[in-house]
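> See data_36.pdb below, with PDB, C-alpha atoms (C1' of nucleotides).
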ATOM      1  CA  MET A 703     -12.837  20.409 116.040
ATOM      2  CA  ALA A 704     -10.049  22.778 115.190
ATOM      3  CA  SER A 705      -6.934  20.820 116.042
ATOM      4  CA  VAL A 706      -5.526  17.356 116.320
ATOM      5  CA  GLU A 707      -4.837  18.150 119.963
ATOM      6  CA  SER A 708      -8.455  18.786 120.827
ATOM      7  CA  PHE A 709      -9.500  15.691 118.883
ATOM      8  CA  ILE A 710      -7.016  13.597 120.862
ATOM      9  CA  ALA A 711      -8.228  15.232 124.057
ATOM     10  CA  GLU A 712     -11.773  14.254 123.233
ATOM     11  CA  CYS A 713     -10.670  10.667 122.658
ATOM     12  CA  ARG A 714      -9.119  10.628 126.125
ATOM     13  CA  ILE A 715     -12.276  12.044 127.675
ATOM     14  CA  LYS A 716     -14.324   9.388 125.960
ATOM     15  CA  GLY A 717     -12.033   6.618 127.125
ATOM     16  CA  ILE A 718     -10.673   5.802 123.693
ATOM     17  CA  LYS A 719      -7.244   4.300 124.102
ATOM     18  CA  LEU A 720      -4.648   6.123 122.069
ATOM     19  CA  THR A 721      -2.101   4.356 119.957
ATOM     20  CA  GLY A 722       0.361   5.568 117.389
ATOM     21  CA  GLN A 723      -1.934   4.408 114.612
ATOM     22  CA  ARG A 724      -4.963   6.111 116.073
ATOM     23  CA  ARG A 725      -3.128   9.395 116.451
ATOM     24  CA  VAL A 726      -2.153   9.266 112.809
ATOM     25  CA  ILE A 727      -5.695   8.494 111.722
ATOM     26  CA  ALA A 728      -6.951  11.340 113.901
ATOM     27  CA  GLN A 729      -4.488  13.688 112.245
ATOM     28  CA  VAL A 730      -5.504  12.540 108.778
ATOM     29  CA  MET A 731      -9.156  13.152 109.585
ATOM     30  CA  VAL A 732      -8.635  16.509 111.259
ATOM     31  CA  GLU A 733      -6.112  17.980 108.861
ATOM     32  CA  GLY A 734      -7.380  16.338 105.731
ATOM     33  CA  GLN A 735     -10.392  17.622 103.936
ATOM     34  CA  GLY A 736     -13.210  16.250 101.890
ATOM     35  CA  HIS A 737     -14.866  12.905 102.321
ATOM     36  CA  PRO A 738     -12.179  10.241 102.047
ATOM     37  CA  ASN A 739     -12.916   6.548 102.011
ATOM     38  CA  ALA A 740     -11.051   4.034 104.145
ATOM     39  CA  GLU A 741      -8.528   3.276 101.463
ATOM     40  CA  GLN A 742      -7.638   6.938 101.030
ATOM     41  CA  ILE A 743      -7.353   7.418 104.765
ATOM     42  CA  HIS A 744      -5.128   4.370 104.913
ATOM     43  CA  ALA A 745      -2.929   5.728 102.144
ATOM     44  CA  ASP A 746      -2.565   9.095 103.881
ATOM     45  CA  ALA A 747      -1.915   7.447 107.206
ATOM     46  CA  ALA A 748       0.672   5.072 105.769
ATOM     47  CA  HIS A 749       2.554   8.149 104.687
ATOM     48  CA  GLN A 750       3.153   9.066 108.316
ATOM     49  CA  HIS A 751       3.308   5.660 109.955
ATOM     50  CA  ASP A 752       4.990   2.670 108.417
ATOM     51  CA  ARG A 753       3.050   0.119 110.378
ATOM     52  CA  ILE A 754      -0.660   0.597 109.908
ATOM     53  CA  SER A 755      -3.039  -1.812 108.306
ATOM     54  CA  LEU A 756      -6.313  -1.231 106.498
ATOM     55  CA  ALA A 757      -8.055  -3.335 109.148
ATOM     56  CA  THR A 758      -6.905  -0.894 111.812
ATOM     57  CA  VAL A 759      -8.188   2.027 109.789
ATOM     58  CA  TYR A 760     -11.588   0.368 109.604
ATOM     59  CA  ARG A 761     -11.524  -0.527 113.283
ATOM     60  CA  THR A 762     -10.518   2.969 114.314
ATOM     61  CA  LEU A 763     -13.133   4.577 112.113
ATOM     62  CA  ARG A 764     -15.740   2.364 113.672
ATOM     63  CA  VAL A 765     -14.629   3.340 117.168
ATOM     64  CA  LEU A 766     -14.711   7.023 116.237
ATOM     65  CA  ARG A 767     -18.072   6.641 114.530
ATOM     66  CA  ASP A 768     -19.566   4.883 117.543
ATOM     67  CA  ALA A 769     -18.165   7.649 119.738
ATOM     68  CA  GLY A 770     -19.896  10.194 117.520
ATOM     69  CA  MET A 771     -16.636  11.780 116.436
ATOM     70  CA  VAL A 772     -16.778  10.731 112.810
ATOM     71  CA  ILE A 773     -19.677  10.397 110.400
ATOM     72  CA  GLU A 774     -19.885   7.553 107.912
ATOM     73  CA  HIS A 775     -21.643   7.960 104.577
ATOM     74  CA  ALA A 776     -22.451   5.073 102.260
ATOM     75  CA  PHE A 777     -22.079   6.813  98.931
ATOM     76  CA  PRO A 778     -23.213   5.189  95.714
ATOM     77  CA  ASP A 779     -19.679   4.270  94.639
ATOM     78  CA  GLY A 780     -20.109   1.288  96.942
ATOM     79  CA  ARG A 781     -17.693   2.512  99.573
ATOM     80  CA  CYS A 782     -18.108   4.270 102.867
ATOM     81  CA  HIS A 783     -16.759   7.791 103.080
ATOM     82  CA  TYR A 784     -15.885   9.492 106.326
ATOM     83  CA  GLU A 785     -15.870  12.991 107.675
ATOM     84  CA  LEU A 786     -15.367  14.661 111.016
ATOM     85  CA  ALA A 787     -18.476  15.024 113.131
ATOM     86  CA  GLY A 788     -19.353  18.171 114.986
ATOM     87  CA  ARG A 789     -19.399  20.363 111.938
ATOM     88  CA  PRO A 790     -22.571  22.134 110.911
ATOM     89  CA  HIS A 791     -25.139  19.806 109.394
ATOM     90  CA  HIS A 792     -25.075  19.525 105.619
ATOM     91  CA  ASP A 793     -26.041  17.279 102.744
ATOM     92  CA  HIS A 794     -24.029  16.380  99.646
ATOM     93  CA  LEU A 795     -24.113  17.039  95.952
ATOM     94  CA  ILE A 796     -22.018  14.541  94.029
ATOM     95  CA  ASP A 797     -20.546  15.411  90.655
ATOM     96  CA  LYS A 798     -21.313  12.367  88.503
ATOM     97  CA  GLU A 799     -18.393  13.151  86.222
ATOM     98  CA  SER A 800     -15.562  13.979  88.580
ATOM     99  CA  GLY A 801     -16.824  12.399  91.767
ATOM    100  CA  ALA A 802     -16.340  15.730  93.524
ATOM    101  CA  ILE A 803     -18.503  16.194  96.587
ATOM    102  CA  VAL A 804     -20.034  19.574  97.322
ATOM    103  CA  GLU A 805     -21.606  20.275 100.680
ATOM    104  CA  PHE A 806     -24.726  22.309 101.088
ATOM    105  CA  CYS A 807     -27.387  22.992 103.648
ATOM    106  CA  ASP A 808     -30.887  24.233 103.058
ATOM    107  CA  PRO A 809     -32.971  24.999 106.136
ATOM    108  CA  GLU A 810     -36.138  24.892 104.089
ATOM    109  CA  ILE A 811     -35.513  21.318 102.999
ATOM    110  CA  GLU A 812     -34.687  20.333 106.539
ATOM    111  CA  ARG A 813     -37.970  21.815 107.690
ATOM    112  CA  LEU A 814     -39.938  20.083 104.966
ATOM    113  CA  GLN A 815     -38.447  16.728 105.863
ATOM    114  CA  GLN A 816     -39.644  17.117 109.429
ATOM    115  CA  ALA A 817     -43.088  18.103 108.204
ATOM    116  CA  ILE A 818     -43.331  15.151 105.824
ATOM    117  CA  ALA A 819     -42.317  12.616 108.443
ATOM    118  CA  LEU A 820     -44.847  14.075 110.829
ATOM    119  CA  ARG A 821     -47.552  14.010 108.201
ATOM    120  CA  LEU A 822     -46.835  10.287 107.660
ATOM    121  CA  GLY A 823     -47.078   9.614 111.368
ATOM    122  CA  TYR A 824     -43.379   9.321 112.058
ATOM    123  CA  ARG A 825     -40.813  11.021 114.234
ATOM    124  CA  LEU A 826     -37.782  11.785 112.082
ATOM    125  CA  THR A 827     -34.562  10.235 113.393
ATOM    126  CA  GLY A 828     -32.326  10.861 110.425
ATOM    127  CA  HIS A 829     -32.199  11.376 106.731
ATOM    128  CA  ARG A 830     -30.030  11.024 103.684
ATOM    129  CA  LEU A 831     -30.173  13.539 100.901
ATOM    130  CA  GLU A 832     -27.792  13.307  98.000
ATOM    131  CA  LEU A 833     -28.055  15.268  94.799
ATOM    132  CA  TYR A 834     -26.322  13.983  91.684
ATOM    133  CA  GLY A 835     -25.452  16.346  88.906
ATOM    134  CA  VAL A 836     -23.049  17.557  86.301
ATOM    135  CA  ARG A 837     -21.520  21.005  86.030
ATOM    136  CA  ALA A 838     -23.829  23.392  84.230
ATOM    137  CA  ARG A 839     -22.145  25.011  81.228
TER     138      ARG A 839
ATOM    139  CA  MET B 777     -47.807  -0.932  84.337
ATOM    140  CA  ALA B 778     -51.071  -2.537  85.255
ATOM    141  CA  SER B 779     -50.623  -6.119  84.148
ATOM    142  CA  VAL B 780     -48.053  -8.788  83.600
ATOM    143  CA  GLU B 781     -49.208  -8.906  79.991
ATOM    144  CA  SER B 782     -48.348  -5.288  79.297
ATOM    145  CA  PHE B 783     -45.024  -5.700  81.079
ATOM    146  CA  ILE B 784     -44.214  -8.711  78.888
ATOM    147  CA  ALA B 785     -45.336  -6.756  75.836
ATOM    148  CA  GLU B 786     -42.963  -3.955  76.740
ATOM    149  CA  CYS B 787     -40.128  -6.450  77.041
ATOM    150  CA  ARG B 788     -40.851  -7.686  73.534
ATOM    151  CA  ILE B 789     -40.919  -4.148  72.188
ATOM    152  CA  LYS B 790     -37.591  -3.440  73.812
ATOM    153  CA  GLY B 791     -36.064  -6.591  72.377
ATOM    154  CA  ILE B 792     -35.719  -8.354  75.708
ATOM    155  CA  LYS B 793     -35.801 -12.057  75.066
ATOM    156  CA  LEU B 794     -38.420 -13.807  77.133
ATOM    157  CA  THR B 795     -37.729 -16.989  79.036
ATOM    158  CA  GLY B 796     -39.728 -18.872  81.591
ATOM    159  CA  GLN B 797     -37.620 -17.423  84.362
ATOM    160  CA  ARG B 798     -38.013 -13.888  83.113
ATOM    161  CA  ARG B 799     -41.774 -14.217  82.890
ATOM    162  CA  VAL B 800     -41.886 -15.366  86.488
ATOM    163  CA  ILE B 801     -39.684 -12.506  87.645
ATOM    164  CA  ALA B 802     -41.860 -10.089  85.702
ATOM    165  CA  GLN B 803     -44.922 -11.461  87.411
ATOM    166  CA  VAL B 804     -43.332 -11.206  90.830
ATOM    167  CA  MET B 805     -42.432  -7.586  90.183
ATOM    168  CA  VAL B 806     -45.771  -6.589  88.713
ATOM    169  CA  GLU B 807     -48.040  -8.442  91.107
ATOM    170  CA  GLY B 808     -45.902  -8.139  94.184
ATOM    171  CA  GLN B 809     -45.780  -4.961  96.146
ATOM    172  CA  GLY B 810     -43.303  -3.032  98.177
ATOM    173  CA  HIS B 811     -39.573  -2.869  97.611
ATOM    174  CA  PRO B 812     -38.227  -6.411  97.630
ATOM    175  CA  ASN B 813     -34.549  -7.241  97.439
ATOM    176  CA  ALA B 814     -33.091  -9.852  95.097
ATOM    177  CA  GLU B 815     -33.327 -12.605  97.637
ATOM    178  CA  GLN B 816     -37.014 -11.957  98.273
ATOM    179  CA  ILE B 817     -37.729 -11.815  94.567
ATOM    180  CA  HIS B 818     -35.877 -15.063  94.150
ATOM    181  CA  ALA B 819     -37.890 -16.687  96.930
ATOM    182  CA  ASP B 820     -41.182 -15.547  95.392
ATOM    183  CA  ALA B 821     -40.084 -16.640  91.937
ATOM    184  CA  ALA B 822     -38.918 -20.045  93.135
ATOM    185  CA  HIS B 823     -42.440 -20.568  94.353
ATOM    186  CA  GLN B 824     -43.681 -20.527  90.773
ATOM    187  CA  HIS B 825     -40.714 -21.952  88.931
ATOM    188  CA  ASP B 826     -38.611 -24.793  90.208
ATOM    189  CA  ARG B 827     -35.566 -23.941  88.166
ATOM    190  CA  ILE B 828     -34.483 -20.410  88.773
ATOM    191  CA  SER B 829     -31.225 -19.287  90.316
ATOM    192  CA  LEU B 830     -30.339 -16.190  92.251
ATOM    193  CA  ALA B 831     -27.844 -15.289  89.528
ATOM    194  CA  THR B 832     -30.662 -15.213  87.001
ATOM    195  CA  VAL B 833     -32.695 -12.968  89.245
ATOM    196  CA  TYR B 834     -29.786 -10.538  89.441
ATOM    197  CA  ARG B 835     -29.163 -10.742  85.702
ATOM    198  CA  THR B 836     -32.810 -10.191  84.870
ATOM    199  CA  LEU B 837     -33.115  -7.286  87.261
ATOM    200  CA  ARG B 838     -30.090  -5.712  85.649
ATOM    201  CA  VAL B 839     -31.593  -6.123  82.196
ATOM    202  CA  LEU B 840     -34.872  -4.611  83.365
ATOM    203  CA  ARG B 841     -33.078  -1.802  85.162
ATOM    204  CA  ASP B 842     -30.996  -0.978  82.085
ATOM    205  CA  ALA B 843     -34.190  -1.007  80.032
ATOM    206  CA  GLY B 844     -35.709   1.478  82.460
ATOM    207  CA  MET B 845     -38.437  -0.906  83.522
ATOM    208  CA  VAL B 846     -37.264  -1.420  87.078
ATOM    209  CA  ILE B 847     -35.672   0.958  89.555
ATOM    210  CA  GLU B 848     -32.891  -0.138  91.866
ATOM    211  CA  HIS B 849     -32.411   1.430  95.286
ATOM    212  CA  ALA B 850     -29.357   0.847  97.452
ATOM    213  CA  PHE B 851     -30.960   1.052 100.870
ATOM    214  CA  PRO B 852     -28.882   1.258 104.020
ATOM    215  CA  ASP B 853     -29.411  -2.385 104.902
ATOM    216  CA  GLY B 854     -26.609  -3.062 102.442
ATOM    217  CA  ARG B 855     -28.810  -4.624  99.798
ATOM    218  CA  CYS B 856     -30.401  -3.367  96.640
ATOM    219  CA  HIS B 857     -34.165  -3.154  96.597
ATOM    220  CA  TYR B 858     -36.218  -3.089  93.442
ATOM    221  CA  GLU B 859     -39.488  -1.602  92.314
ATOM    222  CA  LEU B 860     -41.344  -1.214  89.074
ATOM    223  CA  ALA B 861     -40.473   1.895  87.095
ATOM    224  CA  GLY B 862     -43.076   4.069  85.448
ATOM    225  CA  ARG B 863     -44.930   4.841  88.617
ATOM    226  CA  PRO B 864     -45.160   8.430  89.816
ATOM    227  CA  HIS B 865     -41.903   9.700  91.270
ATOM    228  CA  HIS B 866     -41.530   9.354  95.025
ATOM    229  CA  ASP B 867     -38.980   9.145  97.778
ATOM    230  CA  HIS B 868     -38.895   6.804 100.767
ATOM    231  CA  LEU B 869     -39.333   6.963 104.485
ATOM    232  CA  ILE B 870     -37.882   3.931 106.215
ATOM    233  CA  ASP B 871     -39.166   2.795 109.578
ATOM    234  CA  LYS B 872     -36.030   2.134 111.609
ATOM    235  CA  GLU B 873     -37.876  -0.297 113.835
ATOM    236  CA  SER B 874     -39.882  -2.432 111.441
ATOM    237  CA  GLY B 875     -38.028  -1.792 108.210
ATOM    238  CA  ALA B 876     -41.300  -0.754 106.595
ATOM    239  CA  ILE B 877     -40.930   1.546 103.631
ATOM    240  CA  VAL B 878     -43.394   4.375 103.117
ATOM    241  CA  GLU B 879     -43.489   6.258  99.851
ATOM    242  CA  PHE B 880     -44.051   9.968  99.653
ATOM    243  CA  CYS B 881     -43.630  12.790  97.211
ATOM    244  CA  ASP B 882     -43.298  16.451  97.961
ATOM    245  CA  PRO B 883     -43.203  18.803  94.982
ATOM    246  CA  GLU B 884     -41.731  21.544  97.112
ATOM    247  CA  ILE B 885     -38.704  19.433  98.007
ATOM    248  CA  GLU B 886     -38.267  18.455  94.381
ATOM    249  CA  ARG B 887     -38.291  22.095  93.411
ATOM    250  CA  LEU B 888     -35.804  23.050  96.132
ATOM    251  CA  GLN B 889     -33.391  20.334  95.006
ATOM    252  CA  GLN B 890     -33.373  21.764  91.513
ATOM    253  CA  ALA B 891     -32.788  25.227  92.900
ATOM    254  CA  ILE B 892     -29.928  24.111  95.130
ATOM    255  CA  ALA B 893     -28.135  22.265  92.353
ATOM    256  CA  LEU B 894     -28.478  25.286  90.132
ATOM    257  CA  ARG B 895     -27.202  27.598  92.835
ATOM    258  CA  LEU B 896     -24.124  25.385  93.184
ATOM    259  CA  GLY B 897     -23.521  25.502  89.449
ATOM    260  CA  TYR B 898     -24.813  22.051  88.624
ATOM    261  CA  ARG B 899     -27.503  20.547  86.458
ATOM    262  CA  LEU B 900     -29.383  17.988  88.550
ATOM    263  CA  THR B 901     -29.341  14.489  87.055
ATOM    264  CA  GLY B 902     -30.752  12.572  89.982
ATOM    265  CA  HIS B 903     -31.180  12.475  93.697
ATOM    266  CA  ARG B 904     -31.653  10.230  96.641
ATOM    267  CA  LEU B 905     -33.795  11.251  99.556
ATOM    268  CA  GLU B 906     -34.495   8.860 102.363
ATOM    269  CA  LEU B 907     -36.060   9.753 105.670
ATOM    270  CA  TYR B 908     -35.510   7.503 108.666
ATOM    271  CA  GLY B 909     -37.933   7.565 111.517
ATOM    272  CA  VAL B 910     -39.967   5.746 114.094
ATOM    273  CA  ARG B 911     -43.710   5.782 114.500
ATOM    274  CA  ALA B 912     -44.869   8.769 116.484
ATOM    275  CA  ARG B 913     -46.929   7.761 119.511
TER     276      ARG B 913
ATOM    277  C1'  DG C 490     -38.277 -28.663  63.177
ATOM    278  C1'  DA C 491     -33.296 -26.837  62.509
ATOM    279  C1'  DT C 492     -30.267 -22.999  63.614
ATOM    280  C1'  DC C 493     -27.769 -19.917  66.350
ATOM    281  C1'  DA C 494     -27.620 -16.261  69.427
ATOM    282  C1'  DT C 495     -28.967 -15.783  74.217
ATOM    283  C1'  DT C 496     -29.904 -17.295  78.630
ATOM    284  C1'  DT C 497     -29.395 -20.475  82.408
ATOM    285  C1'  DG C 498     -27.478 -22.913  86.671
ATOM    286  C1'  DC C 499     -23.594 -23.773  88.943
ATOM    287  C1'  DG C 500     -19.883 -22.576  91.574
ATOM    288  C1'  DA C 501     -16.065 -19.653  91.758
ATOM    289  C1'  DA C 502     -14.588 -14.794  91.932
ATOM    290  C1'  DC C 503     -15.068 -10.132  93.292
ATOM    291  C1'  DG C 504     -14.708  -5.865  96.354
ATOM    292  C1'  DG C 505     -15.458  -3.621 100.450
ATOM    293  C1'  DT C 506     -15.586  -4.665 105.155
ATOM    294  C1'  DT C 507     -15.093  -7.565 109.318
ATOM    295  C1'  DC C 508     -13.106 -11.254 112.073
ATOM    296  C1'  DG C 509      -9.804 -14.633 114.607
ATOM    297  C1'  DC C 510      -5.770 -15.114 116.566
ATOM    298  C1'  DA C 511      -1.141 -14.640 118.136
ATOM    299  C1'  DT C 512       1.631 -10.735 119.245
ATOM    300  C1'  DC C 513       2.527  -6.164 120.713
ATOM    301  C1'  DT C 514       1.304  -1.652 123.024
ATOM    302  C1'  DT C 515      -0.866   1.259 126.229
ATOM    303  C1'  DG C 516      -1.957   3.352 130.585
ATOM    304  C1'  DG C 517      -2.926   2.691 135.409
ATOM    305  C1'  DA C 518      -0.978   0.781 139.541
ATOM    306  C1'  DT C 519       2.988  -0.183 141.964
TER     307       DT C 519
ATOM    308  C1'  DA D1434      10.702   3.502 136.149
ATOM    309  C1'  DT D1435       8.405  -1.241 135.964
ATOM    310  C1'  DC D1436       4.726  -4.437 135.748
ATOM    311  C1'  DC D1437       0.428  -6.128 134.103
ATOM    312  C1'  DA D1438      -4.120  -6.656 132.438
ATOM    313  C1'  DA D1439      -6.924  -4.816 129.012
ATOM    314  C1'  DG D1440      -7.078  -3.743 124.746
ATOM    315  C1'  DA D1441      -5.095  -2.727 119.916
ATOM    316  C1'  DT D1442      -2.506  -4.449 115.891
ATOM    317  C1'  DG D1443      -1.167  -6.987 111.503
ATOM    318  C1'  DC D1444      -2.009 -10.687 108.892
ATOM    319  C1'  DG D1445      -4.732 -13.438 106.200
ATOM    320  C1'  DA D1446      -9.027 -15.714 106.016
ATOM    321  C1'  DA D1447     -13.997 -15.087 106.174
ATOM    322  C1'  DC D1448     -18.049 -12.641 105.081
ATOM    323  C1'  DC D1449     -21.960 -11.006 102.162
ATOM    324  C1'  DG D1450     -24.226  -9.166  98.351
ATOM    325  C1'  DT D1451     -23.377  -9.209  93.666
ATOM    326  C1'  DT D1452     -21.123 -10.554  89.277
ATOM    327  C1'  DC D1453     -18.689 -13.675  86.180
ATOM    328  C1'  DG D1454     -17.090 -17.864  83.289
ATOM    329  C1'  DC D1455     -18.414 -21.786  81.305
ATOM    330  C1'  DA D1456     -20.804 -25.699  79.443
ATOM    331  C1'  DA D1457     -25.507 -26.979  78.756
ATOM    332  C1'  DA D1458     -30.234 -25.587  77.766
ATOM    333  C1'  DT D1459     -33.695 -22.589  75.632
ATOM    334  C1'  DG D1460     -36.098 -19.258  72.640
ATOM    335  C1'  DA D1461     -36.848 -16.491  68.356
ATOM    336  C1'  DT D1462     -36.376 -16.797  63.438
ATOM    337  C1'  DC D1463     -36.343 -19.348  59.371
TER     338       DC D1463
END
Take the structure in the file and write it out as structure tokens.

Amino acid sequence: MASVESFIAECRIKGIKLTGQRRVIAQVMVEGQGHPNAEQIHADAAHQHDRISLATVYRTLRVLRDAGMVIEHAFPDGRCHYELAGRPHHDHLIDKESGAIVEFCDPEIERLQQAIALRLGYRLTGHRLELYGVRAR
Amino acid sequence: MASVESFIAECRIKGIKLTGQRRVIAQVMVEGQGHPNAEQIHADAAHQHDRISLATVYRTLRVLRDAGMVIEHAFPDGRCHYELAGRPHHDHLIDKESGAIVEFCDPEIERLQQAIALRLGYRLTGHRLELYGVRAR
DNA sequence: GATCATTTGCGAACGGTTCGCATCTTGGAT
DNA sequence: ATCCAAGATGCGAACCGTTCGCAAATGATC
């Protein structure tokens, strides 16, 4: 998902009605980085659109999530954080001191998770792996 | 933590004041099984004590958690679930259909998590690993 | 048993998220 | 370009799990 344009195009293809607010939220998600929560997205969006409510941010994120265009993570700060879907799969390491979020992917862990689920008699449909740590000195 | 008695004894050692309500909650945690949430603990406790509020359950669980005697998990149903601490470390596989929670432990995954954190320049202080799946037919 | 810090129940508050509703906007059809 | 139905928006209230404030009750220590 390189550009706002292609994101908007995908919305159209998926039958998601486009409004001024939604375009702004799309831009914030595509051009922003990291794993913002709804409040941060709202703040960024408000910067470009003077008439956008937090409720609309939540509603739009839900629409995008249900369309598979955005991924929602319930992080342990008690809020949901959002990121663009379609990027390579990864998990998260969360810096307990700064709150910084580092992405990583380990094929070996992914493989093991499959194996464990299978061993327990389950078909894996998803997983959540978060590491918490502090910078090593 | 085999018995309610030893749990109570540990409370005394740790300076946790014992009340009727706390004894009942201790019993529910020690003799119950699984990963109940506060509401379920409250329901079980109310069965043995006719004067126990949900607020007390939360307060007691917090005391026990802070004392390291109970572990709190924020599962994706939006509630916190509790289990006795001191048992061997494990992670959880959650049945997306029934809500059943299966415990597992994989030393290899534990080792990999350490290695990943280190590789990213962090000292691991904790982790959360949940697998979601459905029964394989 | 008296004392005093702690704990309790109650109901209100909290924080993130969702909802209800009246109003406004969008996008397809004309 | 204009109209219209379907759908989106802002606002504030509601929601839900959890926490808090307070006056009353209880437990550990003497």
> Any chance you could work out the residue set of the PyMOL selection byres ((chain D) within 10 of (chain A)) here, as a list in words?
DG1440, DA1441, DT1442, DG1443 and DC1444 of chain D
> Would you write out those residues with C-alpha atoms (C1' of nucleotides), as a PDB file, in the coordinates of the input?

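Wrote it out as again.pdb, contents follow:
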ATOM      1  C1'  DG D1440      -7.078  -3.743 124.746  1.00  0.00           C
ATOM      2  C1'  DA D1441      -5.095  -2.727 119.916  1.00  0.00           C
ATOM      3  C1'  DT D1442      -2.506  -4.449 115.891  1.00  0.00           C
ATOM      4  C1'  DG D1443      -1.167  -6.987 111.503  1.00  0.00           C
ATOM      5  C1'  DC D1444      -2.009 -10.687 108.892  1.00  0.00           C
TER       6       DC D1444
END
> Could you jot down the atom C1' of D:DA1457 to atom CA of B:Gln803 separation for me, Å, one decimal place?
26.3 Å
> Just checking: using only C-alpha atoms, which residue out of A:Arg725, A:Arg839, A:His749, A:Arg767 ends up closest to A:Cys782?
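Comparing A:Arg725, A:Arg839, A:His749, A:Arg767 against A:Cys782, the winner is A:Arg767.
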> Suppose you want the space between atom C1' of C:DT515 and atom C1' of D:DG1445; what is it in Å?
25.1 Å
> Determine which residues of chain B sit within 7 Å of chain A, taking into account all atoms listed in the file, and present them as an MDAnalysis selection string.
chainID B and resid 885 897:912
> Can you measure atom C1' of D:DT1462 to atom CA of B:Ile801 for me? One decimal in Å is fine.
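Between these atoms lies a distance of 24.8 Å.
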> Kindly provide, as a ChimeraX atom specification, the residues of chain C having any atom no farther than 8 Å from an atom of chain A, counting all atoms listed in the file.
/C:505-506,514-515
> Take the selection from the previous step and output its residues with C-alpha atoms (C1' of nucleotides), as a PDB file, in the coordinates of the input.

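The result, written out as selection.pdb:
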ATOM      1  C1'  DG C 505     -15.458  -3.621 100.450  1.00  0.00           C
ATOM      2  C1'  DT C 506     -15.586  -4.665 105.155  1.00  0.00           C
ATOM      3  C1'  DT C 514       1.304  -1.652 123.024  1.00  0.00           C
ATOM      4  C1'  DT C 515      -0.866   1.259 126.229  1.00  0.00           C
TER       5       DT C 515
END
> Quick one: residues within 12 Å of B:Arg863, all atoms listed in the file counted, chain neighbours fewer than 4 positions away excluded, as a ChimeraX atom specification?
/B:777-778,806,844-847,859,867,879,881
> Please evaluate the PyMOL selection byres ((chain C and resi 499) around 10) against the displayed coordinates and give the resulting residues as a list in words.
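Taken over the shown coordinates, the PyMOL selection byres ((chain C and resi 499) around 10) returns Ser829 and Ala831 of chain B; DT497, DG498, DG500 and DA501 of chain C; DC1455 of chain D.
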> Name all residues at most 12 Å from A:Asp768 (count all atoms listed in the file; drop same-chain ones fewer than 6 positions away) and give them as a PyMOL selection string.
chain A and resi 713+716+718+761-762+774+787
> The residues within 12 Å of (-49.5, -11.2, 88.2), using all atoms listed in the file and the coordinates of the file, should be reported as a list in words; which are they?
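Every polymer residue passing the test: Met777, Ala778, Ser779, Val780, Glu781, Ser782, Phe783, Ile784, Arg799, Val800, Ile801, Ala802, Gln803, Val804, Met805, Val806, Glu807, Gly808, Gln809, Asp820, Ala821 and Gln824 of chain B.
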> Just the selected residues (C-alpha atoms), exported as a PDB file, in the coordinates of the input, please.

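File written: again-v9.pdb
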ATOM      1  CA  MET B 777     -47.807  -0.932  84.337  1.00  0.00           C
ATOM      2  CA  ALA B 778     -51.071  -2.537  85.255  1.00  0.00           C
ATOM      3  CA  SER B 779     -50.623  -6.119  84.148  1.00  0.00           C
ATOM      4  CA  VAL B 780     -48.053  -8.788  83.600  1.00  0.00           C
ATOM      5  CA  GLU B 781     -49.208  -8.906  79.991  1.00  0.00           C
ATOM      6  CA  SER B 782     -48.348  -5.288  79.297  1.00  0.00           C
ATOM      7  CA  PHE B 783     -45.024  -5.700  81.079  1.00  0.00           C
ATOM      8  CA  ILE B 784     -44.214  -8.711  78.888  1.00  0.00           C
ATOM      9  CA  ARG B 799     -41.774 -14.217  82.890  1.00  0.00           C
ATOM     10  CA  VAL B 800     -41.886 -15.366  86.488  1.00  0.00           C
ATOM     11  CA  ILE B 801     -39.684 -12.506  87.645  1.00  0.00           C
ATOM     12  CA  ALA B 802     -41.860 -10.089  85.702  1.00  0.00           C
ATOM     13  CA  GLN B 803     -44.922 -11.461  87.411  1.00  0.00           C
ATOM     14  CA  VAL B 804     -43.332 -11.206  90.830  1.00  0.00           C
ATOM     15  CA  MET B 805     -42.432  -7.586  90.183  1.00  0.00           C
ATOM     16  CA  VAL B 806     -45.771  -6.589  88.713  1.00  0.00           C
ATOM     17  CA  GLU B 807     -48.040  -8.442  91.107  1.00  0.00           C
ATOM     18  CA  GLY B 808     -45.902  -8.139  94.184  1.00  0.00           C
ATOM     19  CA  GLN B 809     -45.780  -4.961  96.146  1.00  0.00           C
ATOM     20  CA  ASP B 820     -41.182 -15.547  95.392  1.00  0.00           C
ATOM     21  CA  ALA B 821     -40.084 -16.640  91.937  1.00  0.00           C
ATOM     22  CA  GLN B 824     -43.681 -20.527  90.773  1.00  0.00           C
TER      23      GLN B 824
END
> Applied to the shown file, which residues does the PyMOL selection byres ((chain D and resi 1436) around 9) return, written as a CSV table (one decimal) with C-alpha atoms (C1' of nucleotides), keeping the file's coordinate frame?

chain,number,residue,atom,x,y,z
C,518,DA,C1',-1.0,0.8,139.5
C,519,DT,C1',3.0,-0.2,142.0
D,1435,DT,C1',8.4,-1.2,136.0
D,1437,DC,C1',0.4,-6.1,134.1
> Can you pull out every residue within 12 Å of D:DC1463, counting only C-alpha atoms (C1' of nucleotides), but drop anything in the same chain fewer than 3 positions away, and send it as a list of chain:residue names?
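The filter keeps C:DG490, C:DA491, C:DT492, C:DC493.
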> So which residues fall inside 8 Å of (-27.4, -18.6, 76.7) if we count all atoms listed in the file? Mind giving them as a PyMOL selection string?
(chain C and resi 494-497) or (chain D and resi 1458-1459)
